[in-house]
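S.K.: Structure incoming, see below.
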Amino acid sequence: MSDMKAIYLLVPLAPLAGAILAGLFGKQIGRAGAHVVTILGVAIAFVASLFIYQDVAAGNTFNGTVYTWMQAGGIDFEVGFLIDSLTVMMMLVVTFVSLMVHIYTIGYMSEDPGYQRFFSYISLFTFSMLMLVMSNNFLQLFFGWEAVGLVSYLLIGFWYERPTAIYANMKAFLVNRVGDFGFLLGIGLVAAYAGSLDYAEVFAKAKELSVTEMAVTGWPLLTAICICLFIGAMGKSAQVPLHVWLPDSMEGPTPISALIHAATMVTAGIFMVARMSPLFELSDTALSFVLVIGATTALFMGFLGIVQNDIKRVVAYSTLSQLGYMTVALGVSAYSAAVFHLMTHAFFKALLFLGAGSVIIGMHHDQDMRNMGGLRKYMPITWITSLLGSLALIGFPFFSGFYSKDSIIEAVHSSTIAGSGYAMFCVLLGVFITAFYSFRMYFLVFHGDERFGKAHDHAHHDHHGDHDDEEPSADHHHGLAPGQKPHESPWVVTLPLVLLAVPSVLIGFFTIDPMLFGEWFKGVILVGDNHVGLRELAANYHGPVGMAIHGLQTAPFWLAMGGVALAWFFYMKRPDIPAAIQRTFKPIHTLLENKYYFDRFNEIFFAAGARLLGRGLWKAGDQALIDGVAVNGSARLVGWVAQMSRLFQTGHLYQYAFMMIIGVFVLLTYWFNRG
Amino acid sequence: MTDIPLLSLAIWVPIIGGLLVLATGSDRNAPLARMLALAVAVAGFVVTIPLYTGFDVGTSAMQFVELQSWVPRFNINYHLGVDGISVLFVLLNSFITIIVVAAGWQVIETKVAQYMAAFLIMSGLMNGIFSALDAVLFYVFFEASLIPLYLIIGIWGGANRVYAAIKFFLYTLFGSLLMLIALLYLFMQSGGSFSILDWHQLPLPIEPQILIFLAFLIAFGVKVPMWPVHTWLPDAHVEAPTGGSVVLAAIALKLGAYGFLRFSLPIVPDAANELAPLVITLSLIAVVYIGFVALVQADMKKLVAYSSISHMGFVTLGFFMFNSLGVEGALVQMISHGFVSGAMFLCIGVLYDRLHSRQIADYGGVVHTMPKFAAFFMLFTMANSGLPATSGFVGEFMVVLGAVQYNFWIGFVAATTLILGAAYSLWMYKRVVFGKVANPHVAELEDINGREFAFLAVLAACVLAMGLYPFPFTEVMHASVNELLRHVAVSKL
């Protein structure tokens with residue numbers, strides 16, 4: 001067992017070592033040195049994860065302490081690992097996607113002056129994410145939770161010259177902090193009532209906690225814990241209304257959009273809830289809350305994908321929507337379906353993002369889809385892989401996304417928990433919307449007229465490209481010069497696309513049996529008897545081929561096909577129609593363009609409100625009241641009393657005599673009247 | 001335990017060393033004064049190390065005790081000793097003194113010997129406060145430590161230094177006079193003892209307990225500082241030279257908080273229980289109100305000063321929930337705040353030395369010209385906003401956990417610091433460090449030199465070490481904190 005422990009330690013520490021080397025000694029080891037050490041670190045982590053996977057598959061799990069971080073209040077705060085089927089699946093996803101992104105970065109960032117720094121950050125991220133998923137306790141979970149937030153902050157603001165980037169990274173950190181606020185309270189409640197932060201010990205007390213009421217508020221304890229923890233997940237996994245940071249996070253370089261803001265970090269919330277299934281199963285209120293938030297995110301963020309013209313933002317909104325699907329799955333107790341979708345999504349969404357990045361390179365850092373078109377001729381590998389990724393995303397039968405998404409929809413269908421009707425509506429309509437915006441993007445980019453290389457004058461420069469911008473002029477145009485043609489990206493970029501396309505297509509087909517209907521998550525993910533979860537689906541399941549063939553006859557498939565067809569008709573055949581719709585339904589379009597005004601509201605109410613309140617408290621409280629009245633006031637009072645008493649000390653004898661007479665008079669009056 | 005009077009050494013090595021530095025005289029001997037000061041500071045720290053290595057974590061009793069009669073007529077003794085509550089502060093104080101000497105190395109060019117001497121003497125006096133077990137001795141150290149700080153602000157301070165110095169002096173003097181009355185009353189009641197430990201056992205009726213508690217509350221509350229008697233601190237920080245700010249934040253603010261644990265809680269436990277809601281309320285106001293005020297500061301030093309007040313609110317909050325997570329968390333927060341706020345003020349000092357401005361608006365894009373500095377500043381900013389794996393997280397985390405345990409809503413309000421702290425810290429960082437180079441002055445900035453790198457790196461190591469492995473810090477506290485809590489739970493009526 002101790003041999004395995006060394007291997008467990010190797011998984012997070014190898015990327016950490018790479019990050020430290022590239023970060024602190026970047027100048028000494030040079031650009032090539034930086035990518036060699038970091039890729040080596042992540043590759044070691046990936047290989048070790050594969051090895052651990054085999055070990056776990058053979059039935060060996062591990063739950064133990066690495067070191068005791070602190071002891072206080074009768075609680076042991078520890079750093080430790082829990083290695084089971086859920087952990088090892090996450091480890092494989094994280095290390096594999098991270099490895100792909102590391103390789104891709106060699107090509108994507110080749111001209112960036114911050115090359116070493118970038119590699120250091122993404123390796124540091126890999127370390128943090130691994131610590132998060134490997135944790136066996138809430139403390140380390142929170143460590144990883146905040147650490148991935150930190151790296152995300154550093155990476156969104158990687159191009160720290162850009163005002164939009166440094167605004168976006170602060171926004172991301174603060175919105176995540178709002179989530180973490182809830183998360184910390186949840187952990188506090190766990191510590192206060194369970195007396196431990198160790199998963200196993202807390203889960204063992206779950207039943208007891210579910211019948212406890214909170215001391216001051218009288219709330220059902222477990223519901224409060226679950227909702228608090230889920231607020232943390234809402235921040236990390238960008239659920240409404242804490243989703244606002246994710247679209248803006250696209251200000252970061254594309255490789256991290258793929259790794260952090262699509263494949264791994266944003267799924268931390270999903271993973272966390274799945275990990276906490278023994279707790280969430282005992283609170284229907286919390287599950288309904290999760291379900292409604294997830295369904296709302298799935299549908300309403302999808303709508304926003306329709307009106308975006310920036311290629312990365314379309315993929316970003318589709319990420320939000322897909323995270324909503326995973327959350328929905330959690331809400332209906334289909335945890336394994338959520339995790340399954342997490343895995344398939346990690347591959348095809350990383351693929352789509354990296355594909356988008358490849359397009360951006362080909363377009364010389366122009367991200368506006370209105371300037372693209374017909375790229376399939378020039379970028380064949382990017383084209384084919386993006387098509388595969390899109391098909392996986394819309395859930396085309398036999399593709400990985402089909403298996404995971406269809407399972408979620410079926411699970412919602414059979415669920416009876418409050419809110420499942422609404423969720424069913426959202427996820428079904430969401431299928432149509434997803435297909436529509438995905439293929440809108442696909443057609444606009446890869447098919448139709450070649451719109452690039454023209455002197456374009458519409459306002460696309462508000463979407464900056466991934467490009468270290470040395471040109472100070474704000475209206476500097478990126479993109480292809482007239483007559484210039486896009487070109488396919490170098491092999492370091494296309495190789496990861498191909499390697500990610502393989503699991504995007506196949507992994508669902510091969511893993512659905514063990515993950516959803518087999519024993520893989522047995523004992524790790526618990527579903528209570530009162531919840532249907534995936535049981536009904538399992539009863540009708542006859543292998544992946546049967547499921548795909550059956551899928552051809554169901555509503556989601558036809559909705560998806562409808563979405564694709566409509567996208568084709570609108571953007572290939574009759575581009576005048578969407579323009580007309582946009583004119584006719586101006587208010588709706590404006591609402592979507594402004595992202596339902598969430599940002600505006602937050603800016604006015606929270607950001608400006610906080611500044612106003614701060615200024616008010618400072619000026620009125622500190623300066624006027626405390627300093628003005630109390631402090632300087634008492635100083636003035638002393639001065640005034642001194643002034644007054646100086647009046648009496650004039651040095652004129654007659655005045656003193658007069659005072660004495662008055663004094664005697666007063667005293668005598670008092671003396672005589674006393675009796 | 002040992003025959004060497006370690007605590008006396010911790011007090012008198014810096015004081016006598018400081019007098020020696022003073023003796024080097026005028027600025028012609030400045031290099032000598034600097035070297036001597038550094039040697040004294042290092043020696044002062046070295047003598048405190050055995051306090052930690054030789055500390056017995058198994059007992060709550062006072063250790064390294066020294067007892068000598070001082071004024072026999074009034075039963076005043078030279079009585080020293082440390083327990084798990086105070087020992088770390090002696091170390092922290094002696095450690096920070098080295099940093100402060102290093103930080104003033106080239107920056108202070110006039111009256112160098114006097115400047116260095118003031119810090120060394122103050123360091124010795126502070127050690128006296130943390131180790132005095134006789135109330136008169138405590139009071140003497142407590143008051144005497146005001147003088148060097150007053151001089152540091154008044155002589156080496158900024159433009160408005162006189163107002164700030166007097167405000168600081170009067171504020172704290174007002175508080176300590178009330179404390180003196182309380183001490184004299186306790187002397188009478190105890191039948192002529194000034195021993196703080198005797199007073200811990202002294203039974204008292206509730207009315208005098210309340211009065212004594214209020215006297216202590218004002219005396220220590222001003223020092224902490226607690227809302228609403230905090231307004232001297234931003235002014236003092238803004239006018240103080242960098243070293244003064246570091247000592248003020250890292251050590252001086254801890255004196256008041258320490259007083260609560262040494263005096264208020266154990267001497268008048270019933271009043272402490274009775275009035276805990278008041279203190280908790282003031283603490284929460286400090287956390288939230290001051291958090292908002294910090295957000296809108298245009299002066300970096302003021303911003304960090306306000307953030308200090310907010311962080312100290314966590315300390316007083318932790319104390320008065322009377323659970324071990326709260327009290328130990330508060331103590332951890334005090335140590336961590338010593339590192340982090342000290343480092344923040346040093347970072348601002350680094351910028352000020354170059355540009356002679358503390359206004360956020362005068363900066364922008366510093367990362368372009370000072371990348372190493374930007375990395376350090378990022379670490380400390382994150383520690384200031386309580387990021388896990390930095391020391392700033394540990395105390396906040398413990399206090400929030402203790403608060404949720406005590407009362408969910410108190411935990412709720414306290415946890416808002418997660419958002420507020422991040423908001424004011426990161427917003428400042430963004431405006432100062434990120435973005436395009438704001439003006440020609442920023443374009444000419446030079447990155448930190450070897451000396452600056454050294455002290456920032458040492459503090460960074462402390463911040464990370466404490467964040468990654470706080471076990472050794474809390475281990476020291478357990479016995480004393482548990483004994484204190486047990487003591488507070490027993491009525492004295």
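Residues in the structure tokens are named by chain (A, B, ... in the order shown) and by number from 1 within that chain; ligands are numbered from 1 in the order shown.
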Find the residues of chain B in contact range of chain A, meaning any atom within 8 Å when counting only C-alpha atoms, and list them as number ranges by chain.

M.R.: B: 228-229, 231, 289, 291-296, 323-325, 328, 365, 387-389, 400-402, 404-405, 407-408, 411-412, 415-416, 418-419, 422-423, 426-427, 430, 434-436, 468-472, 474-475, 478

S.K.: Give me a file of those residues, with C-alpha atoms, as a short mmCIF file (atom, residue, chain, number, x, y, z; two decimals), in the first residue's frame.

M.R.:
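Result file is part_32.cif:
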```cif
data_model
loop_
_atom_site.label_atom_id
_atom_site.label_comp_id
_atom_site.auth_asym_id
_atom_site.auth_seq_id
_atom_site.Cartn_x
_atom_site.Cartn_y
_atom_site.Cartn_z
CA PRO B 228 -15.46 53.12 16.71
CA VAL B 229 -12.15 54.13 18.30
CA THR B 231 -9.69 56.54 13.47
CA TYR B 289 -18.13 48.53 7.89
CA GLY B 291 -14.31 46.45 4.77
CA PHE B 292 -16.51 48.81 2.81
CA VAL B 293 -14.50 51.83 3.89
CA ALA B 294 -11.29 50.15 2.78
CA LEU B 295 -12.78 49.61 -0.64
CA VAL B 296 -12.94 53.30 -1.48
CA ASN B 323 -14.57 28.42 21.89
CA SER B 324 -11.14 27.11 21.14
CA LEU B 325 -11.44 27.43 17.37
CA GLU B 328 -6.85 29.96 18.60
CA GLY B 365 1.16 48.87 -14.99
CA LEU B 387 -6.34 32.68 0.17
CA PRO B 388 -5.79 29.10 1.33
CA ALA B 389 -2.16 27.99 1.55
CA VAL B 400 -15.39 31.49 10.74
CA LEU B 401 -15.66 27.86 11.77
CA GLY B 402 -15.79 28.88 15.41
CA VAL B 404 -20.65 29.13 12.73
CA GLN B 405 -20.36 26.81 15.69
CA ASN B 407 -24.10 31.19 16.03
CA PHE B 408 -24.76 30.75 12.34
CA GLY B 411 -20.54 33.23 11.03
CA PHE B 412 -22.54 34.53 8.11
CA ALA B 415 -17.64 35.24 6.29
CA THR B 416 -18.48 38.28 4.17
CA LEU B 418 -14.15 36.54 2.01
CA ILE B 419 -15.81 38.80 -0.52
CA ALA B 422 -10.85 40.05 -1.91
CA ALA B 423 -12.62 43.08 -3.34
CA LEU B 426 -7.57 42.81 -5.62
CA TRP B 427 -9.04 46.06 -6.80
CA LYS B 430 -5.38 45.68 -10.29
CA PHE B 434 -1.91 45.62 -13.88
CA GLY B 435 -2.77 47.55 -16.99
CA LYS B 436 -0.68 49.63 -19.30
CA LEU B 468 0.83 25.12 4.47
CA TYR B 469 1.66 23.85 7.91
CA PRO B 470 0.11 25.78 10.80
CA PHE B 471 0.39 22.79 13.08
CA PRO B 472 3.47 24.03 15.00
CA THR B 474 -1.44 26.00 17.05
CA GLU B 475 0.29 23.21 18.93
CA HIS B 478 -3.60 24.45 22.94
#
```

S.K.: Can you build me a table of range 320-388 of chain B residues sitting at most 10 Å from range 245-263 of chain B, with the closest atom pair per residue and its distance in Å to one decimal, using only C-alpha atoms, sorted by chain and residue number, as a Markdown table?

M.R.:
```
| residue | atom | partner | partner_atom | distance |
| --- | --- | --- | --- | --- |
| B:Phe320 | CA | B:Phe260 | CA | 9.4 |
| B:Val327 | CA | B:Leu261 | CA | 9.1 |
| B:Ala330 | CA | B:Ala257 | CA | 9.1 |
| B:Leu331 | CA | B:Tyr258 | CA | 8.8 |
| B:Met334 | CA | B:Lys254 | CA | 6.6 |
| B:Ile335 | CA | B:Ala250 | CA | 7.9 |
| B:Ser336 | CA | B:Ala250 | CA | 8.8 |
| B:His337 | CA | B:Ala250 | CA | 6.5 |
| B:Gly338 | CA | B:Ala250 | CA | 3.7 |
| B:Phe339 | CA | B:Ala250 | CA | 6.7 |
| B:Val340 | CA | B:Ala250 | CA | 8.2 |
| B:Ser341 | CA | B:Ala249 | CA | 6.3 |
| B:Gly342 | CA | B:Val246 | CA | 4.6 |
| B:Ala343 | CA | B:Val246 | CA | 7.6 |
| B:Met344 | CA | B:Val246 | CA | 8.5 |
| B:Phe345 | CA | B:Val246 | CA | 6.0 |
| B:Leu346 | CA | B:Val246 | CA | 7.0 |
| B:Gly349 | CA | B:Ser245 | CA | 9.4 |
```

S.K.: Taking only C-alpha atoms into account, name the residue in A:Ser489, A:Ser333, A:Ser414, A:Ser237 that is nearest to Thr267 in chain A.

M.R.: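 Nearest to Thr267 in chain A: A:Ser237.
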
S.K.: Name the closest residue to Ser193 in chain B among the candidates B:Pro72, B:Gly364, B:Pro269, B:Gly467; distances are taken between atoms, counting only C-alpha atoms.

M.R.: B:Pro72

S.K.: Considering only C-alpha atoms, state which residue in the set B:Ala403, B:Leu214, B:Leu137, B:Ile267 is at the smallest distance from Trp199 in chain B.

M.R.: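 The closest residue to Trp199 in chain B is B:Ile267.
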
S.K.: Could you list, as a compact mmCIF listing (two decimals) with N, CA, C and O atoms, in the first residue's frame, every residue within 7 Å of Phe509 in chain A, counting only C-alpha atoms and ignoring same-chain residues fewer than 5 positions away?

M.R.:
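Written file, around-v4.txt:
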```txt
# COMPACT_ATOMS: atom_id res chain seq x y z
N PHE A 398 -24.59 7.66 -31.19
CA PHE A 398 -23.29 6.96 -31.19
C PHE A 398 -22.14 7.85 -30.75
O PHE A 398 -21.10 7.36 -30.37
N SER A 400 -20.22 10.42 -28.14
CA SER A 400 -20.19 10.32 -26.68
C SER A 400 -21.24 11.20 -26.03
O SER A 400 -21.87 10.81 -25.05
N PRO A 544 -25.26 -0.20 -25.63
CA PRO A 544 -25.09 1.11 -26.27
C PRO A 544 -25.65 1.16 -27.69
O PRO A 544 -26.13 2.21 -28.11
```

S.K.: Need the shell around range 180-187 of chain B: protein/DNA/RNA residues with any atom at most 7 Å away, counting only C-alpha atoms. Skip same-chain ones fewer than 6 positions apart. Format as a VMD selection string?

M.R.: chain B and resid 193 to 194 212 215

S.K.: With N, CA and C atoms retained, could you export that selection as a JSON list (two decimals), in the first residue's frame?

M.R.:
```json
[["chain", "number", "residue", "atom", "x", "y", "z"],
["B", 193, "SER", "N", -1.86, 43.16, 45.92],
["B", 193, "SER", "CA", -1.03, 42.39, 44.99],
["B", 193, "SER", "C", -1.15, 42.99, 43.60],
["B", 194, "PHE", "N", -0.03, 43.05, 42.94],
["B", 194, "PHE", "CA", -0.05, 43.46, 41.55],
["B", 194, "PHE", "C", 0.15, 42.28, 40.61],
["B", 212, "ILE", "N", -14.70, 47.28, 35.48],
["B", 212, "ILE", "CA", -13.32, 46.96, 35.10],
["B", 212, "ILE", "C", -13.27, 46.52, 33.64],
["B", 215, "ALA", "N", -13.42, 49.48, 31.42],
["B", 215, "ALA", "CA", -12.16, 50.22, 31.42],
["B", 215, "ALA", "C", -11.14, 49.51, 30.52]]
```

S.K.: Using only C-alpha atoms, which residue out of B:Ile210, B:Ile155, B:Val112, B:Cys462 lies closest to Leu92 in chain B?

M.R.: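 Looking at the shortest contact to Leu92 in chain B, the residue is B:Cys462.
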
S.K.: Which is closer to Met131 in chain A than all the others in A:Phe81, A:Tyr104, A:Trp520, A:Phe585, using only C-alpha atoms?

M.R.: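 Among the listed residues, the smallest separation from Met131 in chain A belongs to A:Phe81.
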
S.K.: Applying 9 Å and only C-alpha atoms, which residues near Leu19 in chain B remain after dropping the ones on its own chain fewer than 6 positions away? List them as a VMD selection string.

M.R.: chain B and resid 117 to 118 120 to 121

S.K.: May I have the residues from that selection written out with N, CA and C atoms, as an mmCIF file, in the first residue's frame?

M.R.:
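Contents of the output file again-v3.cif:
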```cif
data_model
loop_
_atom_site.group_PDB
_atom_site.id
_atom_site.type_symbol
_atom_site.label_atom_id
_atom_site.label_comp_id
_atom_site.auth_asym_id
_atom_site.auth_seq_id
_atom_site.Cartn_x
_atom_site.Cartn_y
_atom_site.Cartn_z
ATOM 1 N N ALA B 117 17.719 53.146 16.900
ATOM 2 C CA ALA B 117 17.620 52.959 18.346
ATOM 3 C C ALA B 117 16.166 52.934 18.783
ATOM 4 N N ALA B 118 15.374 53.816 18.206
ATOM 5 C CA ALA B 118 13.965 53.861 18.594
ATOM 6 C C ALA B 118 13.304 52.510 18.359
ATOM 7 N N LEU B 120 14.763 49.553 18.112
ATOM 8 C CA LEU B 120 15.296 48.496 18.977
ATOM 9 C C LEU B 120 14.726 48.623 20.389
ATOM 10 N N ILE B 121 14.710 49.844 20.889
ATOM 11 C CA ILE B 121 14.187 50.030 22.250
ATOM 12 C C ILE B 121 12.715 49.626 22.295
#
```

S.K.: Give me, as CSV, the closest atom pair and its distance (Å, one decimal) for every residue of range 305-420 of chain A within a cut-off of 8 Å of range 424-435 of chain A, counting only C-alpha atoms, rows sorted by chain and rising number.

M.R.:
```
residue,atom,partner,partner_atom,distance
A:Ile306,CA,A:Ile433,CA,7.9
A:Ser318,CA,A:Thr434,CA,7.0
A:Ser321,CA,A:Gly430,CA,7.9
A:Tyr325,CA,A:Val427,CA,7.0
A:Leu393,CA,A:Thr434,CA,7.8
A:Ile394,CA,A:Ala435,CA,5.1
A:Ile409,CA,A:Val427,CA,6.7
A:Val412,CA,A:Met424,CA,6.0
A:His413,CA,A:Met424,CA,6.3
A:Ser420,CA,A:Met424,CA,6.0
```

S.K.: Once DSSP has gone over the backbone, tell me which residues of range 198-372 of chain A are in strand (DSSP E or B), as a PyMOL selection string.

M.R.: chain A and resi 198+213+220+310+368

S.K.: Can those selected residues be exported to a file as a compact mmCIF listing (two decimals), in the first residue's frame so that it contains all heavy atoms?

M.R.:
```txt
# COMPACT_ATOMS: atom_id res chain seq x y z
N ASP A 198 -13.60 15.10 7.66
CA ASP A 198 -13.26 13.93 6.85
C ASP A 198 -14.52 13.39 6.17
O ASP A 198 -15.54 13.18 6.82
CB ASP A 198 -12.65 12.86 7.76
CG ASP A 198 -12.12 11.69 6.97
OD1 ASP A 198 -10.97 11.78 6.55
OD2 ASP A 198 -12.88 10.72 6.77
N GLU A 213 -31.88 19.88 13.68
CA GLU A 213 -32.22 21.25 13.33
C GLU A 213 -31.09 22.16 13.74
O GLU A 213 -30.42 21.91 14.73
CB GLU A 213 -33.52 21.68 14.02
CG GLU A 213 -34.75 21.19 13.33
CD GLU A 213 -35.99 21.91 13.82
OE1 GLU A 213 -35.86 22.71 14.77
OE2 GLU A 213 -37.06 21.66 13.26
N PRO A 220 -33.68 22.95 8.91
CA PRO A 220 -33.16 21.58 8.82
C PRO A 220 -31.70 21.63 8.42
O PRO A 220 -31.34 22.21 7.39
CB PRO A 220 -34.02 20.93 7.74
CG PRO A 220 -34.72 22.04 7.06
CD PRO A 220 -34.78 23.20 7.98
N ASP A 310 -18.79 36.24 -31.51
CA ASP A 310 -17.42 35.86 -31.19
C ASP A 310 -17.38 34.35 -31.03
O ASP A 310 -18.12 33.78 -30.22
CB ASP A 310 -17.01 36.58 -29.89
CG ASP A 310 -15.59 36.26 -29.49
OD1 ASP A 310 -15.20 35.08 -29.55
OD2 ASP A 310 -14.88 37.18 -29.08
N ASP A 368 -14.22 37.07 -34.90
CA ASP A 368 -15.59 37.36 -35.29
C ASP A 368 -16.02 36.42 -36.41
O ASP A 368 -15.43 36.40 -37.48
CB ASP A 368 -15.68 38.82 -35.75
CG ASP A 368 -17.11 39.27 -35.84
OD1 ASP A 368 -17.96 38.48 -36.29
OD2 ASP A 368 -17.39 40.42 -35.44
```

S.K.: So that I can see what lies close to range 56-58 of chain B, please list as a list in words the residues with an atom at most 8 Å from it, counting only C-alpha atoms and leaving out residues fewer than 2 positions away in the same chain.

M.R.: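 Skipping anything fewer than 2 positions along the chain leaves Gly54, Ser60, Gln63, Gly84, Glu475, Val476, Met477, His478 and Ala479 of chain B.
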
S.K.: Could you please take those selected residues and save N, CA and C atoms as a compact mmCIF listing (two decimals), in the first residue's frame?

M.R.:
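The resulting file, part18.txt, is reproduced below:
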```txt
# COMPACT_ATOMS: atom_id res chain seq x y z
N GLY B 54 12.49 25.40 23.56
CA GLY B 54 12.43 24.83 24.90
C GLY B 54 11.04 24.89 25.51
N SER B 60 -0.17 24.54 30.71
CA SER B 60 -0.71 25.88 30.53
C SER B 60 -0.03 26.87 31.47
N GLN B 63 5.94 29.80 31.74
CA GLN B 63 7.25 29.18 31.60
C GLN B 63 8.32 30.27 31.52
N GLY B 84 1.47 29.75 26.36
CA GLY B 84 1.19 29.49 24.94
C GLY B 84 0.52 30.64 24.22
N GLU B 475 -0.12 24.18 17.91
CA GLU B 475 0.29 23.21 18.93
C GLU B 475 0.71 23.91 20.22
N VAL B 476 1.42 25.03 20.05
CA VAL B 476 1.91 25.78 21.19
C VAL B 476 0.77 26.33 22.03
N MET B 477 -0.33 26.65 21.36
CA MET B 477 -1.40 27.40 22.04
C MET B 477 -2.34 26.51 22.85
N HIS B 478 -2.49 25.26 22.42
CA HIS B 478 -3.60 24.45 22.94
C HIS B 478 -3.76 24.50 24.45
N ALA B 479 -2.70 24.16 25.17
CA ALA B 479 -2.82 24.01 26.62
C ALA B 479 -3.28 25.31 27.26
```

S.K.: To test your reading of the structure, identify every residue in range 101-145 of chain B that backbone DSSP assigns to alpha helix (DSSP H), and report it as a ChimeraX atom specification.

M.R.: /B:101-103,112-131,135-144

S.K.: Just the number, please: distance in Å from CA of Ala565 in chain A to CA of Lys454 in chain A, one decimal.

M.R.: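 If I compute the distance from CA of Ala565 in chain A to CA of Lys454 in chain A, I get 28.8 Å.
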
S.K.: Which residues come within 12 Å of Thr53 in chain B, counting only C-alpha atoms, excluding same-chain residues fewer than 4 positions away, as number ranges by chain?

M.R.: B: 46-49, 57, 87-88, 91, 472, 476

S.K.: Selected residues, N, CA and C atoms, written as a short mmCIF file (atom, residue, chain, number, x, y, z; two decimals), in the first residue's frame, please.

M.R.:
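Here's the written file result.cif:
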```cif
data_model
loop_
_atom_site.label_atom_id
_atom_site.label_comp_id
_atom_site.auth_asym_id
_atom_site.auth_seq_id
_atom_site.Cartn_x
_atom_site.Cartn_y
_atom_site.Cartn_z
N VAL B 46 17.78 35.94 18.16
CA VAL B 46 18.42 34.66 18.51
C VAL B 46 18.11 34.27 19.94
N VAL B 47 18.12 35.23 20.87
CA VAL B 47 17.87 34.86 22.26
C VAL B 47 16.43 34.40 22.48
N THR B 48 15.53 34.72 21.54
CA THR B 48 14.14 34.28 21.74
C THR B 48 13.90 32.87 21.20
N ILE B 49 14.81 32.39 20.36
CA ILE B 49 14.57 31.08 19.74
C ILE B 49 14.44 29.96 20.79
N VAL B 57 4.84 22.22 25.47
CA VAL B 57 3.48 22.42 24.98
C VAL B 57 2.45 21.69 25.84
N VAL B 87 3.96 33.51 24.03
CA VAL B 87 5.33 33.21 23.59
C VAL B 87 5.55 33.54 22.12
N LEU B 88 4.52 33.26 21.29
CA LEU B 88 4.73 33.48 19.87
C LEU B 88 4.89 34.96 19.54
N LEU B 91 8.45 36.09 19.93
CA LEU B 91 9.24 35.70 18.75
C LEU B 91 8.90 36.57 17.54
N PRO B 472 2.58 23.63 13.91
CA PRO B 472 3.47 24.03 15.00
C PRO B 472 2.99 25.28 15.73
N VAL B 476 1.42 25.03 20.05
CA VAL B 476 1.91 25.78 21.19
C VAL B 476 0.77 26.33 22.03
#
```

S.K.: Kindly provide the residues of range 595-656 of chain A that approach range 239-260 of chain A to within 10 Å, each paired with its closest atom pair and their distance in Å to one decimal, based on only C-alpha atoms, listed by chain and increasing number, as a tab-separated table.

M.R.:
```
residue	atom	partner	partner_atom	distance
A:Lys595	CA	A:Val244	CA	9.0
A:Phe598	CA	A:Val244	CA	7.2
A:Asp599	CA	A:Val244	CA	6.8
A:Asn602	CA	A:Val244	CA	9.2
```
